[in-house]
Structures are given as C-alpha cells and as structure tokens.
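Following: one structure in structure tokens, then a few remarks.
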Amino acid sequence: FIMNWGCFDDDTEEDVSLGHFLPWGVGMKAKEVLFVSRPVGPIVAENFAIRETTLPDGAPEGHVLLRTLYLSVDPYMRPKMTELKSYTAPYELGKPLTAFSLLEVVDSKVSGMEKGQWLQGEAPWATYFVLNAKEAGALFPADKTLPPELQMGPMGLTGNTAWYGLLEIGKAKAGETVLVSGAAGATGSVAGQIAKAHGCRVVGTAGSDDKVAWLKQELGFDDAFNYKKCHGMAELADAIHKACPDGVDVYFDNVGGEMLEGALENMRMYGRIVMCGGISQYNATPETVRGIRNLFKTIAFRLRLEGFIVLDLFQQPEKHKVAMEELKHLCDTGAIRYRTTIVAGLENAPQALMNLFVGVNTGKMLVKVAE
C-alpha cells in the first residue's frame with residue numbers, strides 16, 4: 001500500500017487531523033487525552049488532562065466511528081507542543097493531542113470503509129472518536145495480517161523515515177562508513193540495518209550498555225558505544241574517532257547538540273549529514289538551547305547538511321512504492337529486526353511520551369489502547 005498523509009496537505013481547507021466528538025445519541029463512553037498547557041522545558045503530567053465523553057452507538061450518516069488500537073509516541077510531538085512555526089500546526093490547547101495511530105472501524109456510513117477494517121493515520125488520543133467523510137479520507141488501509149508493531153515500525157513511518165533519510169538524503173553507498181545517533185531508537189535502529197544491507201560499515205550511539213549490546217549482537221552494527229559515558233563534545237568526538245578511525249561518510253542525526261558537534265569533528269571530505277531529528281534539544285528553553293560551535297567544518301570539508309520529513313517521500317508515490325517493497329523484503333528476510341516498547345492504556349500515553357525523552361524505550365514506543 002501507499003501511504004496517504006492527506007491531513008497535512010497544505011491545500012486542504014480544514015484541519016482533518018482531528019476527529020469531531022459528536023453529541024448525537026447516548027451510547028458508548030470514550031476517553032480522550034487533552035493538551036492543556038505548553039511545557040517549558042521537559043514535558044510534565046500537568047500538561048495533560050483525561051476527559052470522558054459520550055459518543056453515539058453507531059456512526060451518523062456521512063461519518064465513521066473508529067476505535068484506537070495502538071498509537072505511536074514519537075519525538076516530533078514535542079515541537080508541536082510549542083507555538084513555533086513548523087511543517088504542521090501546533091497542538092491546540094484544550095483539544096486532544098494527535099498521533100500516528102492504528103484504528104479499527106466500529107461502524108461506518110462512509111463509502112469504502114467497512115466495519116472491522118483497519119486504518120492508519122493521524123488521529124486523536126482517544127479510545128473512540130468520529131470522523132466525517134473528508135477527515136476519514138486522510139486515513140489509509142492497514143494490513144490486518146501484519147503485527148501492529150511491524151506496520152507501525154519498520155513497515156510504517158519509522159521504516160519510511162529511515163529509508164528516505166539514509167538513501168535519498170544521505171545517499172549512502174556500499175563501502176562507506178555510516179554513523180547513526182539514537183541508534184537504539186525506532187528510526188535509528190532501522191536506518192543502521194538498511195545501511196548494513198547496502199554494504200556500509202555502520203556505527204551507532206546509544207544510551208546504555210544493554211542497548212549497545214543489542215545493536216552489535218542482534219542488529220549487526222559493526223560498532224557502537226554508550227554516549228552517556230562521554231562527558232562533553234571532546235569526549236564524544238574521541239569516541240566517534242575510535243569507532244570510525246577513517247572518518248564518517250554519512251551521519252544520520254537523531255540527536256543534535258553536542259553529538260552533532262562530535263560528528264562534525266569526524267566527517268570525511270564531501271560527507272553528508274542527514275538531519276532527521278534533534279531530541280537532545282527538544283526540551284530546551286530559549287535560555288538553554290545551544291547552537292553548533294564548529295559549523296565551519298561544513299565549509300572546510302565541503303559537507304552537506306540536509307533536513308527532511310517523511311511527508312517528502314509520501315508525496316512521491318513511485319519512490320514510496322520502491323521504499324515499501326525494499327522494507328518488506330528486508331523484514332521478510334530478517335535483514336531488519338526490531339523491538340517495540342509497549343505501554344498499555346490510553347491514560348498512560350502522557351507518561352510514555354515523557355519516557356521517550358529519557359531513553360526508557362528500546363526501538364519503537366507504542367501505546368496499546370485496545371485489543
């Protein structure tokens with residue numbers, strides 16, 4: 001299947017990322033997690049509130065009633081909690097947060113959507129919700145034969161992000177050295193394995209010895225190190241040099257900050273830096289956010305730094321088809337292995353999001369909302 005992320009279409013007249021909680025009828029109880037205050041620094045529990053609402057027993061005409069099976073917890077959600085201009089609108093106070101979710105149709109009065117069908121897409125943090133036909137059109141089919149962890153991980157946003165960033169932005173080639181930060185996370189772990197499948201030498205950074213062992217022993221990374229044993233940029237740069245003595249051709253950056261500075265100290269001539277994320281800076285305040293002190297390296301070593309978002313791939317259907325075919329092949333043959341950290345219960349979604357920023361997860365972080 002080809003993903004349709006219509007809820008982020010700039011030409012769409014209304015925001016279709018949120019469901020409307022409709023007052024018709026008296027029926028099932030639903031829970032939703034509201035975003036009630038903008039964090040300053042780390043996310044805290046007080047930024048959220050849980051509310052019960054009542055939904056109709058069935059879908060009104062021209063609408064679809066959905067229940068959430070799983071929702072994804074991802075670093076990109078933190079910048080959406082600010083009012084900074086970005087590629088998507090900020091979360092609105094007093095409304096449910098949204099996340100990439102796996103959904104089941106409970107009842108439908110929308111053509112082409114049948115009871116029991118699985119769908120994926122951006123959806124509210126809610127146990128049940130109602131969408132109109134236009135909003136439902138932003139969702140896309142999910143495969144009930146695949147484990148949710150697979151289609152929301154290596155075969156979903158995670159895998160597509162890793163594939164596009166590494167091969168289209170980073171243009172990694174066989175024989176090159178690829179450094180991946182946040183390598184035990186959802187995207188980093190897949191990016192490293194794709195690089196190995198393409199004949200690269202792969203080095204990862206992670207935040208614990210157990211994660212380092214997972215990268216080397218199970219995922220096939222050539223080397224990895226625990227960045228928490230390094231103190232400051234100089235020690236990070238030394239650790240990278242030790243693992244990459246001939247330098248780095250492609251740096252897949254999920255972290256930013258001092259890790260990016262350390263990578264810059266080790267880039268080879270004409271190296272490429274893939275700017276996928278900067279989780280080390282997402283909780284920073286205007287007073288604590290840091291700039292990159294050795295950016296001049298990009299000039300001296302003719303480096304290219306390029307940011308991207310996975311929506312760029314979704315807007316190229318033929319290329320997206322190639323990505324999905326390769327990801328399926330790599331997963332089917334065992335070239336991509338994965339772990340998933342699963343938290344049970346919608347009410348625990350805020351804590352899961354907070355845990356993401358302190359490295360509790362290995363691999364993808366999901367919240368299981370329903371069976």
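Quick note on naming: the chains in the structure tokens go A, B, ... in the order shown, residues restart at 1 in each chain, and ligands are numbered from 1 in order of appearance.
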Which region 20-84 of chain A residues have any atom within 12 Å of an atom of region 269-292 of chain A, and for each, what is the nearest pair of atoms with distance in Å to one decimal, counting only C-alpha atoms, rows sorted by chain and number, as CSV?
```
residue,atom,partner,partner_atom,distance
A:Arg38,CA,A:Asn283,CA,11.4
A:Pro39,CA,A:Asn283,CA,8.4
A:Val40,CA,A:Thr285,CA,6.6
A:Gly41,CA,A:Asn283,CA,4.6
A:Pro42,CA,A:Asn283,CA,5.0
A:Ile43,CA,A:Asn283,CA,7.5
A:Val44,CA,A:Asn283,CA,11.0
A:Asp74,CA,A:Ile279,CA,10.1
A:Pro75,CA,A:Ile279,CA,6.5
A:Tyr76,CA,A:Gly277,CA,7.9
A:Met77,CA,A:Tyr282,CA,9.5
A:Arg78,CA,A:Tyr282,CA,6.3
A:Pro79,CA,A:Tyr282,CA,6.4
A:Lys80,CA,A:Tyr282,CA,10.1
A:Met81,CA,A:Tyr282,CA,10.0
A:Thr82,CA,A:Tyr282,CA,9.9
A:Leu84,CA,A:Tyr282,CA,11.8
```
Export of the given selection (all heavy atoms) as a compact mmCIF listing (two decimals), in the first residue's frame:
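part_19.txt written:
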```
# COMPACT_ATOMS: atom_id res chain seq x y z
N ARG A 38 1.28 24.34 27.69
CA ARG A 38 2.51 24.16 26.92
C ARG A 38 3.70 23.99 27.87
O ARG A 38 3.90 24.82 28.76
CB ARG A 38 2.74 25.33 25.97
CG ARG A 38 1.60 25.51 24.98
CD ARG A 38 1.94 26.41 23.82
NE ARG A 38 0.76 26.63 23.00
CZ ARG A 38 0.32 25.78 22.07
NH1 ARG A 38 0.99 24.66 21.86
NH2 ARG A 38 -0.77 26.04 21.37
N PRO A 39 4.49 22.94 27.69
CA PRO A 39 5.62 22.72 28.59
C PRO A 39 6.71 23.76 28.38
O PRO A 39 6.95 24.22 27.27
CB PRO A 39 6.11 21.32 28.22
CG PRO A 39 5.64 21.11 26.81
CD PRO A 39 4.36 21.88 26.68
N VAL A 40 7.37 24.10 29.47
CA VAL A 40 8.58 24.91 29.43
C VAL A 40 9.69 24.01 29.94
O VAL A 40 9.75 23.70 31.13
CB VAL A 40 8.45 26.17 30.29
CG1 VAL A 40 9.75 26.97 30.25
CG2 VAL A 40 7.29 27.03 29.81
N GLY A 41 10.54 23.55 29.05
CA GLY A 41 11.49 22.51 29.42
C GLY A 41 10.84 21.15 29.25
O GLY A 41 10.00 20.95 28.36
N PRO A 42 11.19 20.16 30.07
CA PRO A 42 10.64 18.82 29.92
C PRO A 42 9.12 18.79 30.05
O PRO A 42 8.51 19.59 30.77
CB PRO A 42 11.30 18.03 31.06
CG PRO A 42 12.57 18.78 31.34
CD PRO A 42 12.23 20.22 31.11
N ILE A 43 8.51 17.84 29.35
CA ILE A 43 7.07 17.61 29.45
C ILE A 43 6.75 17.11 30.86
O ILE A 43 7.50 16.30 31.43
CB ILE A 43 6.62 16.57 28.41
CG1 ILE A 43 7.03 17.01 27.00
CG2 ILE A 43 5.11 16.36 28.47
CD1 ILE A 43 6.90 15.91 25.97
N VAL A 44 5.64 17.57 31.41
CA VAL A 44 5.21 17.12 32.74
C VAL A 44 3.75 16.67 32.67
O VAL A 44 3.01 17.01 31.72
CB VAL A 44 5.37 18.24 33.79
CG1 VAL A 44 6.84 18.58 33.98
CG2 VAL A 44 4.58 19.48 33.41
N ASP A 74 6.23 9.63 19.44
CA ASP A 74 7.40 9.99 18.63
C ASP A 74 7.97 11.34 19.04
O ASP A 74 7.23 12.23 19.50
CB ASP A 74 7.02 10.04 17.15
CG ASP A 74 6.57 8.69 16.64
OD1 ASP A 74 7.43 7.80 16.52
OD2 ASP A 74 5.36 8.51 16.37
N PRO A 75 9.29 11.54 18.84
CA PRO A 75 9.92 12.81 19.24
C PRO A 75 9.33 14.03 18.56
O PRO A 75 9.34 15.12 19.15
CB PRO A 75 11.39 12.61 18.84
CG PRO A 75 11.60 11.13 18.91
CD PRO A 75 10.30 10.53 18.43
N TYR A 76 8.81 13.90 17.33
CA TYR A 76 8.30 15.07 16.62
C TYR A 76 7.13 15.72 17.36
O TYR A 76 6.78 16.89 17.09
CB TYR A 76 7.86 14.70 15.19
CG TYR A 76 6.50 14.04 15.10
CD1 TYR A 76 5.34 14.80 15.00
CD2 TYR A 76 6.37 12.65 15.10
CE1 TYR A 76 4.09 14.21 14.92
CE2 TYR A 76 5.13 12.05 15.03
CZ TYR A 76 4.00 12.82 14.93
OH TYR A 76 2.75 12.23 14.86
N MET A 77 6.53 15.00 18.30
CA MET A 77 5.40 15.55 19.02
C MET A 77 5.80 16.68 19.95
O MET A 77 4.99 17.58 20.24
CB MET A 77 4.69 14.43 19.80
CG MET A 77 4.17 13.30 18.91
SD MET A 77 3.49 11.92 19.84
CE MET A 77 2.00 12.67 20.47
N ARG A 78 7.05 16.66 20.44
CA ARG A 78 7.48 17.71 21.38
C ARG A 78 7.48 19.09 20.74
O ARG A 78 6.94 20.05 21.33
CB ARG A 78 8.85 17.35 21.97
CG ARG A 78 9.41 18.40 22.93
CD ARG A 78 8.51 18.61 24.13
NE ARG A 78 9.00 19.64 25.04
CZ ARG A 78 8.74 20.94 24.91
NH1 ARG A 78 8.00 21.36 23.89
NH2 ARG A 78 9.20 21.81 25.78
N PRO A 79 8.06 19.29 19.55
CA PRO A 79 7.99 20.63 18.95
C PRO A 79 6.57 21.10 18.67
O PRO A 79 6.31 22.31 18.68
CB PRO A 79 8.79 20.47 17.65
CG PRO A 79 9.72 19.34 17.91
CD PRO A 79 8.94 18.40 18.79
N LYS A 80 5.63 20.16 18.44
CA LYS A 80 4.24 20.55 18.20
C LYS A 80 3.57 21.09 19.47
O LYS A 80 2.48 21.66 19.40
CB LYS A 80 3.44 19.36 17.66
CG LYS A 80 3.72 19.05 16.21
CD LYS A 80 3.05 17.77 15.76
CE LYS A 80 1.55 17.83 15.80
NZ LYS A 80 0.97 18.75 14.80
N MET A 81 4.22 20.91 20.61
CA MET A 81 3.68 21.45 21.86
C MET A 81 4.05 22.92 22.04
O MET A 81 3.60 23.54 23.00
CB MET A 81 4.19 20.62 23.04
CG MET A 81 3.65 19.21 23.06
SD MET A 81 4.26 18.28 24.48
CE MET A 81 3.16 16.86 24.44
N THR A 82 4.88 23.43 21.16
CA THR A 82 5.24 24.84 21.19
C THR A 82 4.39 25.59 20.18
O THR A 82 3.56 25.00 19.48
CB THR A 82 6.72 25.05 20.85
OG1 THR A 82 6.92 24.80 19.44
CG2 THR A 82 7.61 24.10 21.64
N LEU A 84 5.92 27.34 17.82
CA LEU A 84 6.86 27.63 16.76
C LEU A 84 6.28 27.21 15.40
O LEU A 84 5.59 26.20 15.29
CB LEU A 84 8.17 26.88 17.00
CG LEU A 84 8.96 27.28 18.25
CD1 LEU A 84 10.17 26.37 18.40
CD2 LEU A 84 9.38 28.73 18.17
```
Just how far from CA of Phe221 (chain A) is CA of Gly175 (chain A), in Å to one decimal?
14.1 Å
Taking the backbone alone, and naming residues the way the document does, which bits of region 14-182 of chain A are strand (DSSP E or B) by DSSP, as a count of residues only?
56
Just the helix (DSSP H, G or I) stuff from region 232-367 of chain A, please, per backbone DSSP, written as a PyMOL selection string.
chain A and resi 233-243+257-264+279-281+297-300+311-314+317-332+346-356
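Nearest residue to Leu346 (chain A), choosing from A:Trp125, A:Tyr227, A:Tyr87, A:Phe301 and counting only C-alpha atoms: A:Trp125.
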For the atom pair CA of Arg293 (chain A) and CA of Tyr251 (chain A), what is the interatomic distance in Å to one decimal place?
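So the two atoms, CA of Arg293 (chain A) and CA of Tyr251 (chain A), lie 17.3 Å apart.
Taking CA of Phe140 (chain A) and CA of Met152 (chain A) as the two end points, the separation is 12.7 Å.
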Got a sec: who's within 12 Å of Gln151 (chain A), counting only C-alpha atoms, leaving out chain neighbours fewer than 5 positions off, as a count of residues only?
31
May I ask which of the residues A:Leu103, A:Val250, A:Ala224, A:Ile194 is the closest one to Glu176 (chain A), counting only C-alpha atoms?
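Closest to Glu176 (chain A) of all the choices is A:Val250.
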Rank nothing, just name the residue among A:Ala123, A:Val130, A:Ala300, A:Val367 nearest to Val64 (chain A), using only C-alpha atoms.
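Nearest candidate to Val64 (chain A) out of A:Ala123, A:Val130, A:Ala300, A:Val367: A:Val130.
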Set the distance at 7 Å and use only C-alpha atoms: which residues neighbour Val190 (chain A) once local chain neighbours fewer than 3 positions away are removed? I'd like the list as a compact mmCIF listing (two decimals) with N, CA and C atoms, in the first residue's frame.
```txt
# COMPACT_ATOMS: atom_id res chain seq x y z
N PRO A 154 8.99 -0.79 11.37
CA PRO A 154 9.79 -0.89 10.16
C PRO A 154 9.01 -0.78 8.85
N GLY A 159 10.14 3.03 9.34
CA GLY A 159 10.91 2.47 8.24
C GLY A 159 11.03 3.42 7.07
N ALA A 162 13.54 6.15 7.89
CA ALA A 162 14.92 5.65 7.84
C ALA A 162 15.37 5.45 6.39
N ALA A 186 13.61 3.99 17.44
CA ALA A 186 12.77 3.44 16.37
C ALA A 186 13.38 3.64 14.99
N THR A 187 13.70 4.88 14.66
CA THR A 187 14.22 5.19 13.33
C THR A 187 15.69 4.82 13.19
N GLN A 193 20.31 -0.75 10.04
CA GLN A 193 20.18 -2.05 9.38
C GLN A 193 20.03 -1.91 7.87
N ILE A 194 19.37 -0.86 7.42
CA ILE A 194 19.30 -0.60 5.97
C ILE A 194 20.71 -0.33 5.44
N ILE A 336 16.09 -6.82 8.64
CA ILE A 336 15.65 -5.82 9.61
C ILE A 336 14.98 -6.55 10.77
```
Considering only C-alpha atoms, return as a PyMOL selection string whatever protein or nucleic-acid residues lie within 12 Å of region 51-61 of chain A, sequence-local ones (same chain, fewer than 2 positions apart) excluded.
chain A and resi 19-36+48-49+63-67+94-96+105-111+113-115+125-133+346-347
Give me the residues within 6 Å of region 199-215 of chain A as a VMD selection string, counting only C-alpha atoms and dropping any in the same chain fewer than 3 places off.
chain A and resid 174 to 184 195 to 196 218 to 219 221 to 228
What does the file look like for those residues with C-alpha atoms, as a PDB file, in the first residue's frame?
```
ATOM      1  CA  ALA A 174      28.467   0.375  -0.244  1.00  0.00           C
ATOM      2  CA  GLY A 175      31.864   0.680   1.428  1.00  0.00           C
ATOM      3  CA  GLU A 176      31.072   3.957   3.183  1.00  0.00           C
ATOM      4  CA  THR A 177      31.002   4.478   6.941  1.00  0.00           C
ATOM      5  CA  VAL A 178      27.614   5.434   8.364  1.00  0.00           C
ATOM      6  CA  LEU A 179      27.254   6.826  11.885  1.00  0.00           C
ATOM      7  CA  VAL A 180      23.771   6.729  13.452  1.00  0.00           C
ATOM      8  CA  SER A 181      22.935   8.562  16.672  1.00  0.00           C
ATOM      9  CA  GLY A 182      19.967   7.418  18.698  1.00  0.00           C
ATOM     10  CA  ALA A 183      20.670   4.079  17.063  1.00  0.00           C
ATOM     11  CA  ALA A 184      18.615   2.023  19.518  1.00  0.00           C
ATOM     12  CA  ALA A 195      22.842   0.751   5.767  1.00  0.00           C
ATOM     13  CA  LYS A 196      24.228  -2.717   6.559  1.00  0.00           C
ATOM     14  CA  GLU A 218      21.429  -8.661  17.303  1.00  0.00           C
ATOM     15  CA  LEU A 219      21.222  -5.904  14.696  1.00  0.00           C
ATOM     16  CA  PHE A 221      26.173  -2.967  13.767  1.00  0.00           C
ATOM     17  CA  ASP A 222      29.932  -3.054  13.248  1.00  0.00           C
ATOM     18  CA  ASP A 223      30.496  -0.973  16.362  1.00  0.00           C
ATOM     19  CA  ALA A 224      28.569   1.086  18.902  1.00  0.00           C
ATOM     20  CA  PHE A 225      29.240   2.995  22.087  1.00  0.00           C
ATOM     21  CA  ASN A 226      27.372   4.316  25.116  1.00  0.00           C
ATOM     22  CA  TYR A 227      27.362   8.087  24.739  1.00  0.00           C
ATOM     23  CA  LYS A 228      26.449   8.570  28.401  1.00  0.00           C
TER      24      LYS A 228
END
```
